[in-house]
Each structure stands twice: as C-alpha cells, then as structure tokens.
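Reproduced below: upload_1.cif, with mmCIF, C-alpha atoms.
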data_input
#
loop_
_atom_site.label_atom_id
_atom_site.label_comp_id
_atom_site.auth_asym_id
_atom_site.auth_seq_id
_atom_site.Cartn_x
_atom_site.Cartn_y
_atom_site.Cartn_z
CA MET A 293 63.38 106.31 101.29
CA LYS A 294 63.58 107.60 97.71
CA GLN A 295 67.00 106.06 97.31
CA PHE A 296 65.67 102.76 98.59
CA ARG A 297 62.82 102.87 96.06
CA LYS A 298 65.25 103.57 93.22
CA PHE A 299 67.34 100.66 94.38
CA LEU A 300 64.29 98.34 94.13
CA ILE A 301 63.20 99.48 90.64
CA LEU A 302 65.89 97.63 88.69
CA PRO A 303 65.40 94.24 90.42
CA ALA A 304 61.63 94.65 90.06
CA LEU A 305 61.99 95.30 86.33
CA LEU A 306 64.26 92.28 85.92
CA VAL A 307 61.80 90.05 87.77
CA SER A 308 58.95 91.37 85.60
CA VAL A 309 60.87 90.61 82.42
CA LEU A 310 61.62 87.08 83.60
CA VAL A 311 57.98 86.45 84.56
CA LEU A 312 56.52 87.89 81.35
CA SER A 313 59.06 86.11 79.12
CA GLY A 314 57.05 82.93 79.64
CA CYS A 315 53.84 84.58 78.40
CA GLU A 316 52.68 85.11 74.84
CA ARG A 317 52.24 88.72 73.84
CA PRO A 318 48.82 89.77 72.55
CA PRO A 319 46.77 89.63 70.45
CA ILE A 320 45.57 86.10 71.18
CA GLU A 321 42.44 84.79 69.45
CA ALA A 322 39.78 82.70 71.24
CA VAL A 323 37.31 80.62 69.22
CA GLN A 324 34.23 79.09 70.86
CA HIS A 325 34.41 75.32 70.28
CA GLY A 326 31.68 73.80 72.43
CA TYR A 327 28.28 74.77 73.79
CA ARG A 328 27.89 78.17 75.37
CA GLY A 329 28.69 78.18 79.04
CA THR A 330 31.15 75.30 78.84
CA ALA A 331 34.20 77.57 78.40
CA MET A 332 35.41 75.31 75.58
CA ASP A 333 37.48 77.95 73.82
CA LEU A 334 40.37 77.23 71.50
CA ILE A 335 43.20 79.71 72.00
CA TYR A 336 45.26 80.64 68.95
CA ASN A 337 48.30 82.84 68.42
CA PRO A 338 47.99 84.55 65.00
CA ARG A 339 51.77 84.70 64.62
CA ILE A 340 52.10 80.94 65.09
CA LEU A 341 49.18 80.34 62.70
CA ALA A 342 50.94 82.41 60.03
CA GLU A 343 54.06 80.28 60.38
CA GLN A 344 52.02 77.06 60.24
CA ALA A 345 50.17 78.19 57.12
CA ALA A 346 53.39 78.22 55.11
CA LYS A 347 54.26 74.71 56.32
CA ASN A 348 50.84 73.31 55.42
CA THR A 349 50.52 74.52 51.85
CA VAL A 350 49.48 71.87 49.32
CA PRO A 351 51.84 71.60 46.31
CA VAL A 352 50.64 72.63 42.86
CA SER A 353 48.32 70.06 41.33
CA TYR A 354 48.69 68.93 37.72
CA GLY A 355 45.34 67.18 37.78
CA ALA A 356 44.33 63.55 37.54
CA VAL A 357 45.89 61.45 34.76
CA PRO A 358 43.78 59.12 32.55
CA ALA A 359 43.61 55.52 33.72
CA GLU A 360 43.15 54.21 30.18
CA GLY A 361 45.94 52.68 28.19
CA PRO A 362 48.65 50.02 28.72
CA LYS A 363 49.30 49.02 32.31
CA ALA A 364 52.61 49.76 34.02
CA GLY A 365 53.04 46.14 35.02
CA ALA A 366 52.93 45.07 31.37
CA VAL A 367 55.27 47.78 30.10
CA TYR A 368 57.88 48.06 32.87
CA LYS A 369 59.84 45.33 34.61
CA ASN A 370 59.60 44.51 38.32
CA VAL A 371 56.58 46.70 39.16
CA LYS A 372 55.19 45.04 42.31
CA VAL A 373 52.78 47.54 43.84
CA LEU A 374 51.38 49.93 41.22
CA ASN A 375 51.33 47.47 38.34
CA ASN A 376 47.59 48.06 37.74
CA LEU A 377 48.07 51.76 36.91
CA SER A 378 48.15 53.06 33.37
CA VAL A 379 51.58 54.06 32.11
CA ALA A 380 50.46 57.70 32.27
CA GLN A 381 49.33 57.37 35.89
CA PHE A 382 52.47 55.51 36.86
CA GLY A 383 54.81 58.07 35.33
CA SER A 384 52.91 61.00 36.79
CA PHE A 385 52.95 59.48 40.27
CA MET A 386 56.68 58.73 40.11
CA VAL A 387 57.33 62.39 39.27
CA SER A 388 55.07 63.56 42.11
CA MET A 389 56.55 61.16 44.64
CA THR A 390 60.06 62.29 43.72
CA SER A 391 59.12 65.93 44.34
CA TRP A 392 57.51 65.00 47.67
CA VAL A 393 60.29 62.82 49.04
CA ALA A 394 63.54 63.45 47.18
CA PRO A 395 63.39 66.75 45.27
CA GLU A 396 67.18 67.18 45.38
CA GLN A 397 68.27 63.62 44.54
CA GLY A 398 65.60 62.91 41.93
CA CYS A 399 64.88 59.46 40.50
CA THR A 400 68.27 58.09 41.52
CA TYR A 401 67.27 58.29 45.15
CA CYS A 402 65.34 55.04 44.71
CA HIS A 403 66.50 53.79 41.30
CA ASN A 404 69.68 52.55 39.70
CA PRO A 405 69.88 54.81 36.60
CA ALA A 406 71.46 51.99 34.59
CA ASN A 407 68.59 49.62 35.41
CA PHE A 408 65.37 51.04 36.87
CA ALA A 409 64.09 47.51 37.57
CA ASP A 410 66.99 46.85 39.95
CA ASP A 411 66.07 46.52 43.65
CA SER A 412 69.55 47.04 45.08
CA LEU A 413 68.74 50.41 46.69
CA TYR A 414 66.94 49.96 49.99
CA THR A 415 65.03 53.19 49.42
CA LYS A 416 63.13 51.58 46.54
CA GLN A 417 61.97 48.71 48.72
CA VAL A 418 61.04 51.10 51.50
CA ALA A 419 59.05 53.23 49.04
CA ARG A 420 57.01 50.22 47.96
CA ASN A 421 56.04 49.51 51.56
CA MET A 422 55.23 53.14 52.26
CA ILE A 423 52.79 53.11 49.32
CA LEU A 424 51.15 50.02 50.82
CA MET A 425 50.99 51.77 54.18
CA THR A 426 49.35 54.82 52.60
CA GLN A 427 46.74 52.61 50.96
CA ARG A 428 46.14 50.93 54.30
CA VAL A 429 45.51 54.26 56.04
CA ASN A 430 43.18 55.49 53.31
CA THR A 431 41.12 52.31 53.19
CA GLN A 432 41.13 50.95 56.74
CA TRP A 433 41.38 54.09 58.87
CA GLN A 434 38.71 56.38 57.45
CA ASP A 435 37.34 56.75 60.99
CA HIS A 436 40.36 59.00 61.47
CA VAL A 437 41.38 60.34 58.04
CA ALA A 438 37.82 60.33 56.59
CA GLN A 439 37.69 60.98 52.84
CA THR A 440 40.56 63.48 53.04
CA GLY A 441 43.12 60.70 53.29
CA VAL A 442 46.88 61.00 53.12
CA THR A 443 49.63 60.89 50.51
CA CYS A 444 53.41 60.68 50.76
CA TYR A 445 53.47 64.48 50.91
CA THR A 446 51.36 64.54 54.09
CA CYS A 447 54.35 63.33 56.09
CA HIS A 448 57.43 64.03 53.96
CA ARG A 449 56.85 67.62 52.76
CA GLY A 450 59.94 67.52 50.53
CA ASN A 451 62.15 65.68 53.03
CA ASN A 452 63.70 62.22 52.61
CA ILE A 453 62.67 61.45 56.18
CA PRO A 454 59.58 63.07 57.69
CA GLN A 455 60.67 65.77 60.08
CA ASN A 456 58.72 64.24 62.96
CA VAL A 457 59.59 60.61 63.66
CA TRP A 458 60.70 58.81 66.80
CA PHE A 459 62.91 55.99 68.04
CA LYS A 460 62.88 53.99 71.25
CA ASP A 461 64.94 55.42 74.09
CA PRO A 462 67.77 53.31 75.54
CA VAL A 463 66.91 51.59 78.81
CA GLU A 464 67.62 54.00 81.63
CA LYS A 465 70.20 52.78 84.13
CA VAL A 466 69.13 53.29 87.72
CA GLY A 467 70.87 52.78 90.99
CA ASN A 468 69.75 50.66 93.90
CA GLY A 469 70.45 53.31 96.46
CA MET A 470 68.98 56.70 97.30
CA LEU A 471 68.36 57.72 93.68
CA GLY A 472 65.80 55.00 93.08
CA ASN A 473 63.81 54.80 89.83
CA LYS A 474 62.64 58.02 88.18
CA ASN A 475 59.93 56.10 86.25
CA GLY A 476 60.90 58.09 83.18
CA GLN A 477 60.08 61.40 84.85
CA ASN A 478 62.06 64.61 85.13
CA THR A 479 63.80 63.97 81.81
CA PRO A 480 62.32 66.63 79.51
CA VAL A 481 61.72 65.34 75.96
CA ASP A 482 59.56 66.45 73.05
CA GLY A 483 57.10 63.57 73.54
CA SER A 484 55.87 64.99 76.85
CA GLY A 485 56.13 68.65 75.96
CA TYR A 486 59.53 69.06 77.63
CA SER A 487 57.84 68.74 81.00
CA SER A 488 58.63 66.56 84.00
CA LEU A 489 56.01 64.01 82.89
CA PRO A 490 57.06 60.44 81.98
CA LYS A 491 59.05 60.40 78.73
CA ASN A 492 58.01 57.01 77.33
CA THR A 493 54.91 58.43 75.65
CA TYR A 494 55.45 57.20 72.10
CA ALA A 495 56.48 53.63 72.89
CA ALA A 496 53.78 53.23 75.53
CA TYR A 497 50.79 54.43 73.51
CA LEU A 498 51.78 54.55 69.82
CA LEU A 499 53.61 51.23 69.67
CA ASN A 500 52.38 49.26 72.66
CA ASN A 501 48.75 49.30 73.71
CA LYS A 502 49.13 50.93 77.12
CA GLU A 503 45.79 51.71 78.68
CA ILE A 504 44.99 55.39 79.13
CA GLU A 505 44.39 55.82 82.84
CA VAL A 506 43.45 58.84 84.91
CA ILE A 507 42.84 59.08 88.62
CA GLY A 508 39.16 58.43 89.29
CA ASP A 509 36.67 60.39 91.35
CA THR A 510 36.14 57.67 93.94
CA ALA A 511 38.31 56.23 96.71
CA LEU A 512 40.69 53.36 95.94
CA PRO A 513 38.67 50.63 97.71
CA THR A 514 35.81 51.11 95.21
CA GLY A 515 37.90 49.70 92.38
CA ASN A 516 40.01 52.59 91.09
CA LYS A 517 43.39 51.04 90.29
CA SER A 518 44.92 53.90 88.31
CA SER A 519 48.15 55.15 89.81
CA ILE A 520 49.43 58.69 89.87
CA ASN A 521 52.32 57.66 87.64
CA ALA A 522 49.91 56.17 85.07
CA THR A 523 47.89 59.39 85.13
CA GLU A 524 50.99 61.49 84.53
CA SER A 525 51.93 59.22 81.63
CA THR A 526 48.49 59.88 80.13
CA TYR A 527 49.02 63.60 80.54
CA GLY A 528 52.29 63.23 78.66
CA LEU A 529 50.34 61.79 75.71
CA MET A 530 47.88 64.67 75.93
CA MET A 531 50.79 67.12 75.75
CA HIS A 532 51.93 65.38 72.57
CA PHE A 533 48.44 65.70 71.06
CA SER A 534 48.26 69.38 71.95
CA ARG A 535 51.67 70.25 70.53
CA SER A 536 51.22 68.15 67.39
CA LEU A 537 47.86 69.68 66.46
CA GLY A 538 48.48 73.20 67.77
CA VAL A 539 45.40 73.08 70.00
CA ASN A 540 44.56 73.12 73.68
CA CYS A 541 42.66 70.58 75.79
CA THR A 542 39.20 71.80 74.78
CA TYR A 543 39.71 70.58 71.22
CA CYS A 544 38.91 67.04 72.42
CA HIS A 545 37.51 67.53 75.93
CA ASN A 546 34.94 69.45 77.88
CA THR A 547 37.30 70.47 80.64
CA ARG A 548 34.57 70.55 83.29
CA ALA A 549 34.23 66.78 82.75
CA ILE A 550 37.37 65.64 80.95
CA ALA A 551 36.68 61.91 81.39
CA SER A 552 33.09 62.07 80.11
CA TRP A 553 32.68 60.82 76.53
CA GLU A 554 29.09 62.08 76.51
CA GLN A 555 30.26 65.66 77.01
CA SER A 556 33.26 65.47 74.65
CA PRO A 557 33.27 66.80 71.06
CA PRO A 558 33.69 64.42 68.06
CA GLN A 559 37.42 65.17 67.91
CA ARG A 560 37.98 62.95 70.95
CA ALA A 561 36.73 59.91 69.03
CA LYS A 562 39.02 60.90 66.13
CA ALA A 563 41.94 60.91 68.58
CA TRP A 564 40.94 57.45 69.86
CA TYR A 565 41.21 56.09 66.32
CA ALA A 566 44.45 58.03 65.77
CA ILE A 567 46.17 56.14 68.59
CA ARG A 568 45.18 52.79 67.12
CA MET A 569 46.09 53.86 63.61
CA ALA A 570 49.57 54.82 64.80
CA GLN A 571 49.91 51.43 66.50
CA ASP A 572 48.89 49.71 63.25
CA ILE A 573 51.36 51.72 61.17
CA ASN A 574 54.27 51.26 63.56
CA ASN A 575 53.72 47.57 64.28
CA ASN A 576 52.59 46.30 60.88
CA TYR A 577 54.37 48.56 58.39
CA MET A 578 57.42 50.12 60.03
CA ALA A 579 58.78 47.47 62.42
CA PRO A 580 58.59 44.61 59.84
CA ILE A 581 60.90 46.45 57.42
CA THR A 582 63.60 47.27 59.96
CA GLY A 583 65.96 44.89 58.13
CA LEU A 584 65.78 47.02 54.98
CA PHE A 585 67.50 49.99 56.57
CA PRO A 586 71.26 50.46 56.95
CA PRO A 587 72.59 51.02 60.49
CA HIS A 588 72.84 54.80 60.16
CA ARG A 589 69.08 55.00 59.60
CA LEU A 590 68.21 53.14 62.79
CA GLY A 591 67.82 54.49 66.31
CA PRO A 592 70.13 54.05 69.30
CA THR A 593 68.48 50.71 70.17
CA GLY A 594 68.47 49.47 66.55
CA ASP A 595 64.79 50.19 65.85
CA VAL A 596 63.33 51.85 62.78
CA ALA A 597 61.89 55.37 62.68
CA LYS A 598 58.22 55.39 63.61
CA ALA A 599 55.23 57.70 63.27
CA ASN A 600 53.49 59.84 65.84
CA CYS A 601 50.76 62.48 65.60
CA ALA A 602 53.19 65.23 64.59
CA THR A 603 54.41 63.16 61.62
CA CYS A 604 51.26 64.06 59.71
CA HIS A 605 49.83 67.06 61.57
CA GLN A 606 53.00 69.13 61.96
CA GLY A 607 51.31 71.72 64.15
CA ALA A 608 47.99 71.90 62.28
CA TYR A 609 44.68 70.67 63.71
CA LYS A 610 44.24 68.83 60.39
CA PRO A 611 47.20 67.87 58.16
CA LEU A 612 47.46 70.45 55.36
CA TYR A 613 44.43 72.08 57.02
CA GLY A 614 42.14 69.41 55.64
CA VAL A 615 42.90 69.82 51.94
CA SER A 616 42.74 66.45 50.17
CA MET A 617 45.20 65.46 47.44
CA LEU A 618 43.55 62.11 46.69
CA GLN A 619 41.49 63.37 43.77
CA ASP A 620 44.69 63.34 41.70
CA TYR A 621 45.90 60.01 43.11
CA PRO A 622 42.78 57.83 43.62
CA PHE A 623 44.86 54.65 43.48
CA LEU A 624 46.29 55.53 46.91
CA THR A 625 42.94 54.55 48.40
CA GLY A 626 43.50 50.85 47.74
CA PRO A 627 43.74 48.01 47.55
CA ALA A 628 45.49 47.61 50.91
CA LYS A 629 48.08 44.82 50.96
CA PRO A 630 50.44 43.42 53.62
CA VAL A 631 53.99 44.65 53.92
CA LEU A 632 56.53 43.35 51.39
CA LYS A 633 59.29 41.74 53.41
CA PRO A 634 62.71 41.47 51.74
CA LYS A 635 64.18 38.03 51.03
CA ASP A 636 67.65 39.20 51.95
CA PRO A 637 68.61 42.47 53.70
CA VAL A 638 70.37 44.93 51.42
CA PRO A 639 74.04 45.38 52.41
CA PRO A 640 74.71 48.84 53.87
CA ALA A 641 77.37 49.45 51.19
CA LYS A 642 74.65 49.59 48.55
CA SER A 643 72.48 52.07 50.38
CA VAL A 644 72.15 55.78 49.75
CA ALA A 645 72.40 58.39 52.47
CA MET A 646 69.15 59.95 53.64
CA LYS A 647 68.77 63.42 54.93
#
What do you get writing this file as structure tokens?
Amino acid sequence: MKQFRKFLILPALLVSVLVLSGCERPPIEAVQHGYRGTAMDLIYNPRILAEQAAKNTVPVSYGAVPAEGPKAGAVYKNVKVLNNLSVAQFGSFMVSMTSWVAPEQGCTYCHNPANFADDSLYTKQVARNMILMTQRVNTQWQDHVAQTGVTCYTCHRGNNIPQNVWFKDPVEKVGNGMLGNKNGQNTPVDGSGYSSLPKNTYAAYLLNNKEIEVIGDTALPTGNKSSINATESTYGLMMHFSRSLGVNCTYCHNTRAIASWEQSPPQRAKAWYAIRMAQDINNNYMAPITGLFPPHRLGPTGDVAKANCATCHQGAYKPLYGVSMLQDYPFLTGPAKPVLKPKDPVPPAKSVAMK
C-alpha cells in the first residue's frame, strides 16, 4: 500500500503544478467599486500594476510656450494644419512630436532635410491627418476623453506605429461538407482574449456598427432575436475591453444585472462612447488616408492600421492613468477639421520605412 501511495505522489504533484500554473500567485488586491453588497470588486495584481506603471509614465514637460509673436503660417512655407500657432509654439510642438513618434529618426522621419516644405514623404501627410484626428477626439469626444484629452504620445509612446493597432482578417475559406462554417470561432486571437469566441471583434464593433446583443431573459416568441453566436461575439468585445484596460467585468457592470443600465457604474456609458469614437476615428480619419501608405504598411487585405481600445489604454484603466498633457499643447483641442486627402498617392519608392 505504501509503495502504491509513493507511486501516486509524483503524478499528483505534476497534476497540481499544471492546475496551479493557470492561477495567479498571491497577493491579489481587491478594491470595492460599487455599492456594498453588490460584490463589485476590481481585482488587481500588484506585479502587473508595477509593470503598467512604467509603460504609462508621462514624459517630462517643458511647459507651455507663449502664443504671442509671428505665426508659423506666415514664417514657414506649406504649413497646412498648425499655421495659426506662434513660431515658438510650432517649433516646440515639432520637437515634442518627434520625441513621441520618431525619437530615433528625428525630423527626417517626416521631412526632407533639403526642403522642409516638401510633401514627398508620406509620413508628413499622415502626421497632418493624425493632428486633425487628435483635435477631433479632444473637441468632439469629450463624453469619453473628458478634459484629459489625448496627444500623439497617448498612442505612440515613442514608437513610429502605436504598439496596438489592427487590420482586417482575410476572408476565411470554408468547406461545404462536414466542416461547415466556424463563424469565426475557435481561432484564438488577441481581439477575443485568445479564447474560442468569435474573432471578428474589431471589424464588427470598432469599424462597423454591429449591434451589441446578449441573450435575453425571456423566451424567443416574446421578441428576443439575439442568437447565441451574437452573444458570444459581444463577449469577445468585452474580453477586449477587459484586457485593454486591465480591469474585470465589474468596472462597467453590476454583475448581478449585467444588462441593466440603471445598476451600472458611469464607466459603462464611457465605454459606449468609446465604441463610437473608435468607429469615427477608423472610418473618418484612418480609412480615408489608406492611399497615403506604401504597401508594406498595409494589412493582408490592403487596409490601413486602425485603432482599438488598447491603442490608447495599453493596459491602464485610463491612458497614462488620467494625467493630461493638454495644458502644454492647448491647440490640440481644436479646431477640428476634416481629413486632408492627398491629390496623388505618394509612390512607395519615396516612402520611409516605419518600425
């Protein structure tokens, strides 16, 4: 009997290790988020929070620059977006934007050093439109960003391309036989938390206006038309929210009544506006400038990189933990203008590589 027990110890230990490897080791912090008795706790891992803190540090501020003096549009040639800034403001912002987006390449990432007014580099034209997009967010989407707003740094963090962007997936080929149609399921991707949930989360909700549907609490004949597949697609979006903000379901929902707006915290309304803001950005500022980009910057279906929740949040419940940078760059709050479409696409040979 003793020998039999010894024989079972090793397999039991191996099974225990495998089971516990999927669990987070303590300590885990719980913060009460809703009313007492609702069990609306936010669960945090201090080790993950420490890693996120380093990623969400605001760069050193040099302070606001005087708006008085000659205007950039009168002093420099071919200034199309920030022409109303003072020369001091314009120069300061160019330096800041370079450090936010292209710290290694410097000014030549967007400019021809022999002629700064030249528009031959596609990155310069893209930068103009990204400034317009930033102004749009800060003026038209305050229901989501409030007075904190965003800057180029919010998304880029020292990278040419924000670390969290997405492209459309190629159309999945399906057979007509036994395999049938997977409906985008059982193909683990980041957008659905690497689960078996439908993978078309970004295109469905952050580009197209797919209705968020969840199985109702009444029988189908009473009018509930939501399908199980539509519900699972919604859950995929919720997984994206959770991973992007580093929070669990109770950040936006009272889990005893997830569908009830009356019992949900204000963050749920913020998320509602976030979805529509992402649709606005992707449809009205990213898609229209697809022709500016060389082929190597486009996705497998030829579409441009687009934004999702992680683009700004990067694991934090608020981008940069809610610290605003707009006090130094007040001109990024407006005026919002439509996208600047190029007259002729820039040939790929004249483009610069982006990291």
* Spell out the residues picked by the PyMOL selection byres ((chain A and resi 390) around 12) here, as a count of residues only. => 30
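Take atom CA of Asn501 of chain A and atom CA of Asp572 of chain A: the distance between them is 10.5 Å.
Closest approach to Gly626 of chain A among A:Trp433, A:Phe533, A:Tyr613, A:Trp458: A:Trp433, based on all atoms listed in the file.
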Name the residues in contact with Ile567 of chain A at a cut-off of 9 Å, using all atoms listed in the file, excluding same-chain residues fewer than 6 positions from it; report them as a short mmCIF file (atom, residue, chain, number, x, y, z; two decimals) with C-alpha atoms, in the frame of the given file.
data_model
loop_
_atom_site.label_atom_id
_atom_site.label_comp_id
_atom_site.auth_asym_id
_atom_site.auth_seq_id
_atom_site.Cartn_x
_atom_site.Cartn_y
_atom_site.Cartn_z
CA TYR A 497 50.79 54.43 73.51
CA LEU A 498 51.78 54.55 69.82
CA LEU A 499 53.61 51.23 69.67
CA ASN A 501 48.75 49.30 73.71
CA ASN A 600 53.49 59.84 65.84
CA CYS A 601 50.76 62.48 65.60
#
* Any idea what's packed within 10 Å of Ala602 of chain A, counting only C-alpha atoms, ignoring anything in its chain fewer than 6 positions away? Could you give it as a list of chain:residue names? ->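 So, after excluding close chain neighbours, the residues are A:Cys447, A:Pro454, A:Gln455, A:Asn456, A:Val457, A:Gly483, A:His532, A:Phe533, A:Ser534, A:Arg535, A:Ser536, A:Leu537, A:Gly538, A:Ala608, A:Pro611.
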* **Top pick for closest residue to Pro580 of chain A, considering A:Ala366, A:Met422, A:Lys460, A:Ile504 and counting only C-alpha atoms** => A:Met422
Determine, counting all atoms listed in the file, every residue of protein, DNA or RNA that lies within 10 Å of (44.3, 56.2, 50.1) in the file coordinates, then give the result as a CSV table (one decimal) with C-alpha atoms, keeping the file's coordinate frame.
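Writing the result to part_30.csv gives the following:
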chain,number,residue,atom,x,y,z
A,423,ILE,CA,52.8,53.1,49.3
A,424,LEU,CA,51.2,50.0,50.8
A,425,MET,CA,51.0,51.8,54.2
A,426,THR,CA,49.4,54.8,52.6
A,427,GLN,CA,46.7,52.6,51.0
A,428,ARG,CA,46.1,50.9,54.3
A,429,VAL,CA,45.5,54.3,56.0
A,430,ASN,CA,43.2,55.5,53.3
A,431,THR,CA,41.1,52.3,53.2
A,432,GLN,CA,41.1,51.0,56.7
A,433,TRP,CA,41.4,54.1,58.9
A,434,GLN,CA,38.7,56.4,57.4
A,437,VAL,CA,41.4,60.3,58.0
A,439,GLN,CA,37.7,61.0,52.8
A,440,THR,CA,40.6,63.5,53.0
A,441,GLY,CA,43.1,60.7,53.3
A,442,VAL,CA,46.9,61.0,53.1
A,443,THR,CA,49.6,60.9,50.5
A,617,MET,CA,45.2,65.5,47.4
A,618,LEU,CA,43.6,62.1,46.7
A,619,GLN,CA,41.5,63.4,43.8
A,621,TYR,CA,45.9,60.0,43.1
A,622,PRO,CA,42.8,57.8,43.6
A,623,PHE,CA,44.9,54.6,43.5
A,624,LEU,CA,46.3,55.5,46.9
A,625,THR,CA,42.9,54.6,48.4
A,626,GLY,CA,43.5,50.8,47.7
A,627,PRO,CA,43.7,48.0,47.6
A,628,ALA,CA,45.5,47.6,50.9
* Please indicate the distance in Å from atom CA of Ala364 of chain A to atom CA of Met578 of chain A, rounded to one decimal place. =>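 Computed distance, atom CA of Ala364 of chain A to atom CA of Met578 of chain A, equals 26.5 Å.
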* Rounded to one decimal place, report the atom CA of His545 of chain A-atom CA of Met531 of chain A distance in Å. =>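 Going from atom CA of His545 of chain A over to atom CA of Met531 of chain A, I get 13.3 Å.
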* Residue nearest Gln417 of chain A - candidates A:Gln606, A:Lys502, A:Lys598, A:Lys372, atoms counted: all atoms listed in the file ->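 Closest to Gln417 of chain A of all the choices is A:Lys372.
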* Asked: Out of A:Gly361, A:Pro480, A:Asp461, A:Ala551, which residue has the shortest atom-to-atom distance to Gly594 of chain A when counting all atoms listed in the file?
  ->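 Smallest separation from Gly594 of chain A among the options: A:Asp461.
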* Which residue of A:Ala342, A:Asp435, A:Thr593, A:Ile520 approaches Glu464 of chain A most closely, using only C-alpha atoms ->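 Among A:Ala342, A:Asp435, A:Thr593, A:Ile520, it is A:Thr593 that comes nearest to Glu464 of chain A.
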